[in-house]
>>> print(open('coords17.cif').read())   # mmCIF, C-alpha atoms
data_coords
loop_
_atom_site.label_atom_id
_atom_site.label_comp_id
_atom_site.auth_asym_id
_atom_site.auth_seq_id
_atom_site.Cartn_x
_atom_site.Cartn_y
_atom_site.Cartn_z
CA MET A 1 77.68 299.38 196.39
CA GLN A 2 75.12 298.66 193.70
CA MET A 3 77.38 300.24 191.09
CA ARG A 4 80.35 298.19 192.23
CA LEU A 5 78.43 294.98 191.90
CA ARG A 6 77.26 295.89 188.42
CA THR A 7 80.80 296.63 187.32
CA LYS A 8 81.93 293.35 188.77
CA GLN A 9 79.17 291.51 186.94
CA LEU A 10 80.01 293.29 183.71
CA VAL A 11 83.66 292.38 184.00
CA LEU A 12 82.85 288.78 184.87
CA CYS A 13 80.50 288.61 181.89
CA ALA A 14 83.17 289.99 179.55
CA VAL A 15 85.92 287.73 180.87
CA LEU A 16 83.71 284.66 180.63
CA THR A 17 82.63 285.55 177.09
CA ALA A 18 86.28 285.83 176.10
CA LEU A 19 86.97 282.51 177.82
CA GLY A 20 84.06 280.99 175.91
CA VAL A 21 85.45 282.24 172.59
CA GLY A 22 88.80 280.71 173.51
CA LEU A 23 87.24 277.39 174.46
CA GLN A 24 85.16 277.25 171.30
CA ILE A 25 88.20 277.87 169.09
CA LEU A 26 90.31 275.43 171.10
CA GLU A 27 87.69 272.75 170.67
CA SER A 28 87.56 273.20 166.89
CA ILE A 29 91.35 272.95 166.66
CA VAL A 30 91.76 269.87 168.85
CA PRO A 31 90.77 266.83 166.81
CA ILE A 32 88.34 264.29 168.27
CA PRO A 33 88.93 260.58 167.62
CA ILE A 34 85.29 259.83 166.75
CA ASN A 35 84.18 260.77 163.26
CA LEU A 36 80.82 262.36 163.95
CA PRO A 37 79.97 265.46 161.91
CA GLY A 38 78.31 268.03 164.13
CA GLY A 39 79.32 266.23 167.27
CA LYS A 40 81.64 268.09 169.59
CA LEU A 41 82.37 268.44 173.27
CA GLY A 42 80.58 271.75 173.75
CA LEU A 43 83.18 273.11 176.15
CA ALA A 44 81.97 276.66 175.52
CA ASN A 45 78.63 275.79 177.10
CA ILE A 46 80.43 275.59 180.46
CA VAL A 47 80.78 279.38 180.30
CA THR A 48 77.06 279.91 179.68
CA LEU A 49 76.27 277.59 182.57
CA ILE A 50 78.61 279.45 184.92
CA LEU A 51 77.07 282.81 183.96
CA LEU A 52 73.58 281.38 184.37
CA CYS A 53 74.41 280.32 187.91
CA THR A 54 76.51 283.29 189.03
CA VAL A 55 75.38 286.53 187.35
CA ASP A 56 71.90 286.35 185.84
CA ARG A 57 69.89 285.09 182.91
CA LYS A 58 70.28 288.19 180.79
CA ALA A 59 74.06 288.08 180.99
CA ALA A 60 74.10 284.39 180.17
CA PHE A 61 71.82 284.91 177.19
CA LEU A 62 73.89 287.80 175.87
CA CYS A 63 77.07 285.75 176.26
CA ALA A 64 75.48 282.76 174.53
CA VAL A 65 74.65 284.85 171.46
CA LEU A 66 77.85 286.92 171.35
CA ARG A 67 80.26 284.04 171.95
CA PRO A 68 79.61 281.95 168.81
CA PHE A 69 79.33 285.14 166.77
CA LEU A 70 82.80 286.27 167.83
CA ALA A 71 84.28 282.78 167.66
CA SER A 72 83.13 282.15 164.11
CA LEU A 73 84.37 285.57 163.02
CA LEU A 74 87.79 284.60 164.33
CA TYR A 75 87.76 280.97 163.29
CA GLY A 76 85.30 279.21 161.07
CA GLY A 77 83.16 281.09 158.60
CA VAL A 78 79.73 282.37 157.73
CA SER A 79 78.15 278.93 157.35
CA ALA A 80 79.69 277.82 160.63
CA MET A 81 78.37 281.01 162.19
CA LEU A 82 74.82 280.23 161.06
CA TYR A 83 75.00 276.84 162.73
CA SER A 84 76.65 277.89 165.94
CA VAL A 85 74.73 281.12 166.57
CA THR A 86 71.32 279.49 166.08
CA GLY A 87 72.41 276.46 168.09
CA SER A 88 73.68 278.53 170.96
CA PHE A 89 70.69 280.89 170.93
CA PHE A 90 68.21 278.04 171.03
CA ALA A 91 70.23 276.16 173.64
CA ALA A 92 70.35 279.20 175.92
CA ALA A 93 66.61 279.79 175.49
CA CYS A 94 65.86 276.15 176.30
CA MET A 95 68.15 276.14 179.31
CA MET A 96 66.43 279.19 180.70
CA LEU A 97 62.84 278.32 179.96
CA LEU A 98 62.80 274.56 180.39
CA ALA A 99 65.47 273.92 182.94
CA LEU A 100 65.19 276.92 185.20
CA ARG A 101 61.43 277.35 185.15
CA ALA A 102 60.08 273.82 184.92
CA GLY A 103 62.95 272.09 186.62
CA LYS A 104 63.67 274.61 189.34
CA GLY A 105 64.84 272.84 192.47
CA ARG A 106 64.83 269.52 190.68
CA LEU A 107 67.53 269.74 188.01
CA THR A 108 71.10 270.49 188.92
CA VAL A 109 73.59 272.17 186.62
CA ILE A 110 74.22 268.78 184.95
CA GLY A 111 70.59 268.42 183.90
CA VAL A 112 70.58 271.99 182.58
CA SER A 113 73.73 271.17 180.63
CA ILE A 114 72.15 268.08 179.05
CA ILE A 115 69.13 270.15 177.96
CA GLY A 116 71.49 272.75 176.50
CA ALA A 117 73.54 270.20 174.57
CA VAL A 118 70.55 268.37 173.12
CA SER A 119 68.70 271.56 172.13
CA HIS A 120 71.91 272.91 170.55
CA ASN A 121 72.09 269.86 168.31
CA ALA A 122 68.37 270.00 167.56
CA ALA A 123 68.64 273.61 166.41
CA GLN A 124 71.69 272.80 164.29
CA THR A 125 69.84 269.94 162.65
CA VAL A 126 66.98 272.31 161.77
CA VAL A 127 69.48 274.74 160.24
CA ALA A 128 71.17 271.92 158.31
CA CYS A 129 67.76 270.76 157.10
CA MET A 130 66.98 274.23 155.79
CA LEU A 131 70.42 274.91 154.29
CA LEU A 132 70.70 271.56 152.51
CA SER A 133 66.91 271.47 151.93
CA ASN A 134 66.85 267.84 152.96
CA VAL A 135 64.40 266.53 155.55
CA TRP A 136 66.31 263.25 155.87
CA ILE A 137 68.92 265.06 157.95
CA PHE A 138 66.55 264.61 160.87
CA THR A 139 67.25 260.88 160.90
CA TYR A 140 70.70 261.87 162.11
CA LEU A 141 69.32 263.70 165.15
CA PRO A 142 68.96 260.64 167.44
CA ILE A 143 72.66 259.82 167.00
CA LEU A 144 73.56 263.42 167.80
CA ALA A 145 71.19 263.41 170.78
CA ILE A 146 72.91 260.35 172.27
CA ALA A 147 76.30 262.01 171.83
CA ALA A 148 74.92 265.27 173.25
CA CYS A 149 73.64 263.47 176.31
CA ILE A 150 77.11 262.14 177.08
CA THR A 151 78.92 265.42 176.36
CA GLY A 152 76.19 267.27 178.28
CA ILE A 153 76.92 265.25 181.40
CA PHE A 154 80.63 265.92 180.90
CA THR A 155 80.26 269.70 180.53
CA GLY A 156 77.74 269.72 183.37
CA TYR A 157 80.29 268.19 185.72
CA ALA A 158 82.93 270.61 184.45
CA ALA A 159 80.62 273.56 185.21
CA LYS A 160 79.74 272.10 188.60
CA TYR A 161 83.38 271.92 189.64
CA ALA A 162 84.12 275.33 188.12
CA LEU A 163 81.25 276.80 190.15
CA ILE A 164 82.95 275.90 193.42
CA VAL A 165 85.37 278.77 192.84
CA PRO A 166 82.87 281.70 192.45
CA LYS A 167 80.91 280.32 195.40
CA ALA A 168 83.99 280.62 197.58
CA HIS A 169 84.34 284.31 196.62
CA ALA A 170 80.78 285.21 197.44
CA PRO A 171 80.03 288.86 196.55
CA LEU A 172 78.87 288.37 192.98
CA GLY A 173 75.42 289.86 193.27
CA THR A 174 72.39 287.69 192.73
CA MET A 175 74.03 284.41 193.51
CA GLU A 176 71.95 281.67 195.06
CA MET B 1 73.69 264.55 189.81
CA SER B 2 70.16 264.47 191.16
CA LYS B 3 67.40 261.98 190.49
CA TRP B 4 65.80 264.33 187.96
CA ASP B 5 69.06 264.69 186.05
CA LYS B 6 69.33 260.94 185.67
CA LEU B 7 65.66 260.77 184.65
CA LEU B 8 66.20 263.44 182.00
CA ALA B 9 69.28 261.71 180.59
CA ALA B 10 67.48 258.36 180.56
CA ALA B 11 64.45 259.89 178.82
CA ILE B 12 66.58 261.47 176.09
CA LEU B 13 68.60 258.28 175.57
CA THR B 14 65.50 256.07 175.35
CA LEU B 15 63.78 258.48 172.97
CA SER B 16 66.86 258.55 170.73
CA VAL B 17 67.31 254.78 170.70
CA VAL B 18 63.60 254.19 170.00
CA SER B 19 63.59 256.69 167.14
CA LEU B 20 66.82 255.18 165.75
CA ILE B 21 65.18 251.74 165.72
CA PHE B 22 62.06 253.24 164.15
CA ILE B 23 64.10 254.98 161.43
CA ASN B 24 66.04 251.82 160.61
CA VAL B 25 62.91 249.67 160.45
CA PHE B 26 61.22 252.28 158.26
CA ALA B 27 64.23 252.49 155.94
CA PHE B 28 64.45 248.70 155.77
CA PHE B 29 60.84 248.34 154.63
CA SER B 30 61.04 251.13 152.09
CA GLY B 31 63.35 248.88 150.03
CA ALA B 32 66.09 249.59 147.55
CA PRO B 33 65.75 252.72 145.44
CA ASP B 34 65.35 252.42 141.68
CA THR B 35 67.06 255.55 140.46
CA VAL B 36 70.12 257.52 141.38
CA ILE B 37 70.01 261.23 140.76
CA ILE B 38 73.28 263.12 140.96
CA GLU B 39 72.98 266.79 141.60
CA LEU B 40 75.76 269.26 141.12
CA ASP B 41 75.47 272.77 142.48
CA GLY B 42 71.77 272.23 143.11
CA LYS B 43 71.05 271.25 139.50
CA GLU B 44 70.46 267.77 138.19
CA TYR B 45 73.67 266.47 136.68
CA ALA B 46 72.86 262.90 135.78
CA LYS B 47 70.22 260.25 136.37
CA TYR B 48 70.77 256.50 136.31
CA PRO B 49 68.12 253.80 136.63
CA LEU B 50 69.63 251.12 138.86
CA LYS B 51 67.65 248.23 137.35
CA GLN B 52 69.70 248.40 134.15
CA ILE B 53 72.96 247.86 136.02
CA ASN B 54 74.00 244.25 136.29
CA SER B 55 77.03 244.24 138.56
CA SER B 56 78.54 247.68 138.89
CA LYS B 57 79.31 250.77 136.93
CA SER B 58 81.57 253.65 137.87
CA ILE B 59 81.26 257.24 136.76
CA GLU B 60 83.69 260.06 137.11
CA ILE B 61 82.61 263.61 137.73
CA LYS B 62 85.03 266.42 137.15
CA SER B 63 83.82 269.91 137.81
CA GLU B 64 85.02 273.28 138.95
CA TYR B 65 84.53 272.07 142.50
CA GLY B 66 86.77 269.03 142.26
CA TYR B 67 86.81 265.39 141.38
CA ASN B 68 84.47 262.60 142.44
CA LYS B 69 84.22 258.99 141.44
CA ILE B 70 80.88 257.32 142.06
CA GLU B 71 80.17 253.63 141.79
CA LEU B 72 76.68 252.35 141.05
CA PHE B 73 75.39 248.92 142.01
CA SER B 74 72.05 247.26 141.36
CA ASP B 75 71.09 247.83 144.99
CA GLY B 76 72.83 251.02 145.95
CA VAL B 77 75.48 253.61 145.31
CA ARG B 78 78.70 254.76 146.88
CA VAL B 79 81.35 257.41 146.49
CA THR B 80 84.69 255.73 145.89
CA GLU B 81 87.04 258.63 145.32
CA SER B 82 86.94 262.26 146.23
CA ASP B 83 89.48 265.04 146.41
CA CYS B 84 87.91 266.79 149.35
CA PRO B 85 89.96 266.90 152.54
CA ASP B 86 87.84 265.04 155.08
CA LYS B 87 86.54 262.20 152.86
CA LEU B 88 83.26 261.99 154.74
CA ASP B 89 81.38 260.92 151.64
CA VAL B 90 83.80 258.07 150.98
CA LEU B 91 83.64 256.96 154.60
CA GLN B 92 79.87 256.88 154.46
CA GLY B 93 80.06 253.66 152.45
CA LYS B 94 77.42 252.15 150.27
CA LEU B 95 73.96 253.67 150.37
CA ARG B 96 71.08 251.29 149.89
CA LYS B 97 68.24 253.27 151.36
CA GLN B 98 65.87 255.87 150.04
CA THR B 99 67.94 258.75 151.27
CA SER B 100 70.12 261.34 149.78
CA ILE B 101 73.80 261.98 150.28
CA SER B 102 75.42 265.29 149.87
CA SER B 103 79.02 265.22 148.85
CA VAL B 104 79.84 268.58 150.32
CA CYS B 105 83.21 269.51 151.61
CA ARG B 106 82.38 270.95 154.97
CA THR B 107 83.99 274.12 156.14
CA GLY B 108 82.50 273.89 159.58
CA TRP B 109 79.42 272.81 161.40
#
>>> encode(input="coords17.cif", output="structure tokens")
Amino acid sequence: MQMRLRTKQLVLCAVLTALGVGLQILESIVPIPINLPGGKLGLANIVTLILLCTVDRKAAFLCAVLRPFLASLLYGGVSAMLYSVTGSFFAAACMMLLALRAGKGRLTVIGVSIIGAVSHNAAQTVVACMLLSNVWIFTYLPILAIAACITGIFTGYAAKYALIVPKAHAPLGTME
Amino acid sequence: MSKWDKLLAAAILTLSVVSLIFINVFAFFSGAPDTVIIELDGKEYAKYPLKQINSSKSIEIKSEYGYNKIELFSDGVRVTESDCPDKLDVLQGKLRKQTSISSVCRTGW
């Protein structure tokens, strides 16, 4: 029984990582009407949120690091990879530490999503600051944070509605 | 969306707006810059003192990376023409503050 659950978790993790790669590439192909460099919807974060709520933290963390790595190998480039891997890594760490420890029982998946989006942008700004060796980049962070707040709420709702489905098919292991 | 979610979103939004106001006030008081330094490939390419410019002056930069046309004013600088695909530097408009602009053609963020 234990083995079966692990296999199921592994498969779910793999499928969701692949879905995340797809979403990340889709989002970089679809143009957004607002001209905001660095600003994007963050659709791929939905996948991390789903894994965080259904399987466990380790799986979510692994997915959050592997997903941008794979996606930028397929589409993007090395500089894009630097930005997205660090952003995703930091966002996943923040979501786990801040949201699930400090905000346990208080924050819903939407709050966790907002924290993820904002920390993703913060990490990317730090990388941009180091790559361009320009501290003034940080003056751009508030604008990104406002955008991240809005997109964070959006992806949070998307994850919330997506989570209705795995909850209906209960046997997924350590689900709350 | 729980009460804490709303609180978190409100906190982040207020913090951002306050820091935006702070940045703009700070940039406003720091005044117009007096020199423009153009760097190409990390090295200094040209330097222009803005006080010597009466109305405007345009310079063209042709390099292995492409073409850029930069216009200098007594109170700022802007990129007027560029052959990069997204034209972010042109869209940025005139810069009056003590900041730096990087005319880099992005490949991805």
>>> atom_distance(input="coords17.cif", atom1="CA of Gly39 in chain A", atom2="CA of Cys53 in chain A")
25.5 Å
>>> resolve_selection(input="coords17.cif", expression="the PyMOL selection byres ((chain A) within 10 of (chain B))", output="number ranges by chain")
A: 28, 35-40, 72, 75-84, 103, 105-115, 118, 124, 128, 132, 134-150, 152-153, 156-157, 160
>>> closest_residue(input="coords17.cif", among="A:Ala102, A:Cys129, A:Ala14, A:Ile25", to="Leu62 in chain A", atoms="all atoms listed in the file")
A:Ala14
>>> atom_distance(input="coords17.cif", atom1="CA of Gly22 in chain A", atom2="CA of Leu97 in chain A")
26.9 Å
>>> resolve_selection(input="coords17.cif", expression="the PyMOL selection byres ((chain A and resi 123) around 9)", output="list in words")
Tyr83, Thr86, Gly87, Ser88, Phe89, Phe90, Ala91, Val118, Ser119, His120, Asn121, Ala122, Gln124, Thr125, Val126, Val127 and Ala128 of chain A
>>> atom_distance(input="coords17.cif", atom1="CA of Phe73 in chain B", atom2="CA of Ile59 in chain B")
11.5 Å
>>> residues_near_point(input="coords17.cif", point="(87.3, 282.0, 175.4)", cutoff="12 Å", atoms="only C-alpha atoms", output="ChimeraX atom specification")
/A:13-27,43-48,63-64,66-68,70-71,74
>>> residues_around(input="coords17.cif", residues="Glu60 in chain B", least_positions_apart="6", cutoff="12 Å", atoms="all atoms listed in the file", output="number ranges by chain")
B: 38, 45-46, 66-72, 79-82
>>> write_last_selection(input="coords17.cif", atoms="C-alpha atoms", output="PDB file, in the coordinates of the input")
ATOM      1  CA  ILE B  38      73.280 263.120 140.960  1.00  0.00           C
ATOM      2  CA  TYR B  45      73.670 266.470 136.680  1.00  0.00           C
ATOM      3  CA  ALA B  46      72.860 262.900 135.780  1.00  0.00           C
ATOM      4  CA  GLY B  66      86.770 269.030 142.260  1.00  0.00           C
ATOM      5  CA  TYR B  67      86.810 265.390 141.380  1.00  0.00           C
ATOM      6  CA  ASN B  68      84.470 262.600 142.440  1.00  0.00           C
ATOM      7  CA  LYS B  69      84.220 258.990 141.440  1.00  0.00           C
ATOM      8  CA  ILE B  70      80.880 257.320 142.060  1.00  0.00           C
ATOM      9  CA  GLU B  71      80.170 253.630 141.790  1.00  0.00           C
ATOM     10  CA  LEU B  72      76.680 252.350 141.050  1.00  0.00           C
ATOM     11  CA  VAL B  79      81.350 257.410 146.490  1.00  0.00           C
ATOM     12  CA  THR B  80      84.690 255.730 145.890  1.00  0.00           C
ATOM     13  CA  GLU B  81      87.040 258.630 145.320  1.00  0.00           C
ATOM     14  CA  SER B  82      86.940 262.260 146.230  1.00  0.00           C
TER      15      SER B  82
END
